[in-house]
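**Q** Please find one structure pasted underneath; my questions will follow.
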Amino acid sequence: MKKFRLITAFLASIGMAGVAMGESQVDQLWSDLNADKNDALSADEAKASDQVQAQWSLLDVDQDGQLSYKEFSMIDLTK
Ligand SMILES: [Ca+2]
């Protein structure tokens, strides 16, 4: 799966310049919270993380009540 990780890192570096430092932590948190392994994080799944809950309204850009990976990847793990 090394190739997949490299591609993920590459795509992330294009989309989120400057956030690359926290990338693997974000990926880890995403897979921890995304219990059903679909493409979105539900409000229920987010309840497991105070950090995600605290930033939810900022992260849910399209306000559809769930976070896509793209939305989730904007999380600030230093907060
Ligand atoms: Ca959303």
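By convention here, the chains of the structure tokens are called A, B, ... in the order presented, each chain's residues are numbered starting at 1, and ligands are numbered starting at 1 in the order presented.
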Could you list the protein, DNA and RNA residues that have any atom within 7 Å of ligand 1, counting only C-alpha atoms and all ligand atoms, and write them as number ranges by chain?

**A** A: 60-68, 71

**Q** With C-alpha atoms kept, could you save the residues just selected as a PDB file, in the first residue's frame?

**A**
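That gives us part.pdb:
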ATOM      1  CA  ASP A  60     -18.698  21.388   7.065  1.00  0.00           C
ATOM      2  CA  VAL A  61     -18.302  23.897   4.259  1.00  0.00           C
ATOM      3  CA  ASP A  62     -21.320  22.763   2.241  1.00  0.00           C
ATOM      4  CA  GLN A  63     -23.356  22.300   5.441  1.00  0.00           C
ATOM      5  CA  ASP A  64     -24.759  18.941   4.429  1.00  0.00           C
ATOM      6  CA  GLY A  65     -24.365  17.589   7.951  1.00  0.00           C
ATOM      7  CA  GLN A  66     -21.367  15.402   7.222  1.00  0.00           C
ATOM      8  CA  LEU A  67     -17.713  15.858   6.445  1.00  0.00           C
ATOM      9  CA  SER A  68     -16.147  14.666   3.235  1.00  0.00           C
ATOM     10  CA  GLU A  71     -13.620  18.991   4.357  1.00  0.00           C
TER      11      GLU A  71
END

**Q** Find the residues near Leu58 in chain A: any atom within 10 Å, counting only C-alpha atoms, skip ones fewer than 6 places away on the same chain, and give them as an MDAnalysis selection string.

**A** chainID A and resid 52 71:72 74:75

**Q** Enumerate as a ChimeraX atom specification all residues of range 13-75 of chain A assigned to strand (DSSP E or B) by DSSP on the backbone, naming them with the chain letters and numbers the document uses.

**A** /A:40-42,66-68

**Q** My list of candidates is A:Leu77, A:Leu59, A:Val26, A:Leu6. Which is closest to Ala43 in chain A when distances are computed with only C-alpha atoms?

**A**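 Between A:Leu77, A:Leu59, A:Val26, A:Leu6, the residue approaching Ala43 in chain A most closely is A:Leu59.
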
**Q** Neighbouring residues of range 45-51 of chain A were defined as those with any atom within 10 Å, considering only C-alpha atoms; residues of the same chain fewer than 5 positions away were excluded. Please report them as a ChimeraX atom specification.

**A** /A:29-30,32-36,40,56,66-67,75-79

**Q** Could you jot down the CA of Ser24 in chain A to CA of Asp44 in chain A separation for me, Å, one decimal place?

**A**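 Those two atoms sit 22.9 Å apart.
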
**Q** What is the CA of Ala9 in chain A-CA of Ser57 in chain A distance in Å, reported with one decimal?

**A**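 About the pair CA of Ala9 in chain A and CA of Ser57 in chain A: they are 25.7 Å apart.
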
**Q** Write out as a list in words the set of residues from range 21-78 of chain A that DSSP, computed on the backbone, places in alpha helix (DSSP H).

**A**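 Of range 21-78 of chain A, the ones in alpha helix (DSSP H) are Glu23, Ser24, Gln25, Val26, Asp27, Gln28, Leu29, Trp30, Ser31, Asp32, Leu33, Ala43, Asp44, Glu45, Ala46, Asp50, Gln51, Val52, Gln53, Ala54, Gln55, Trp56, Ser57, Leu58, Leu59, Tyr69, Lys70, Glu71 and Phe72 of chain A.
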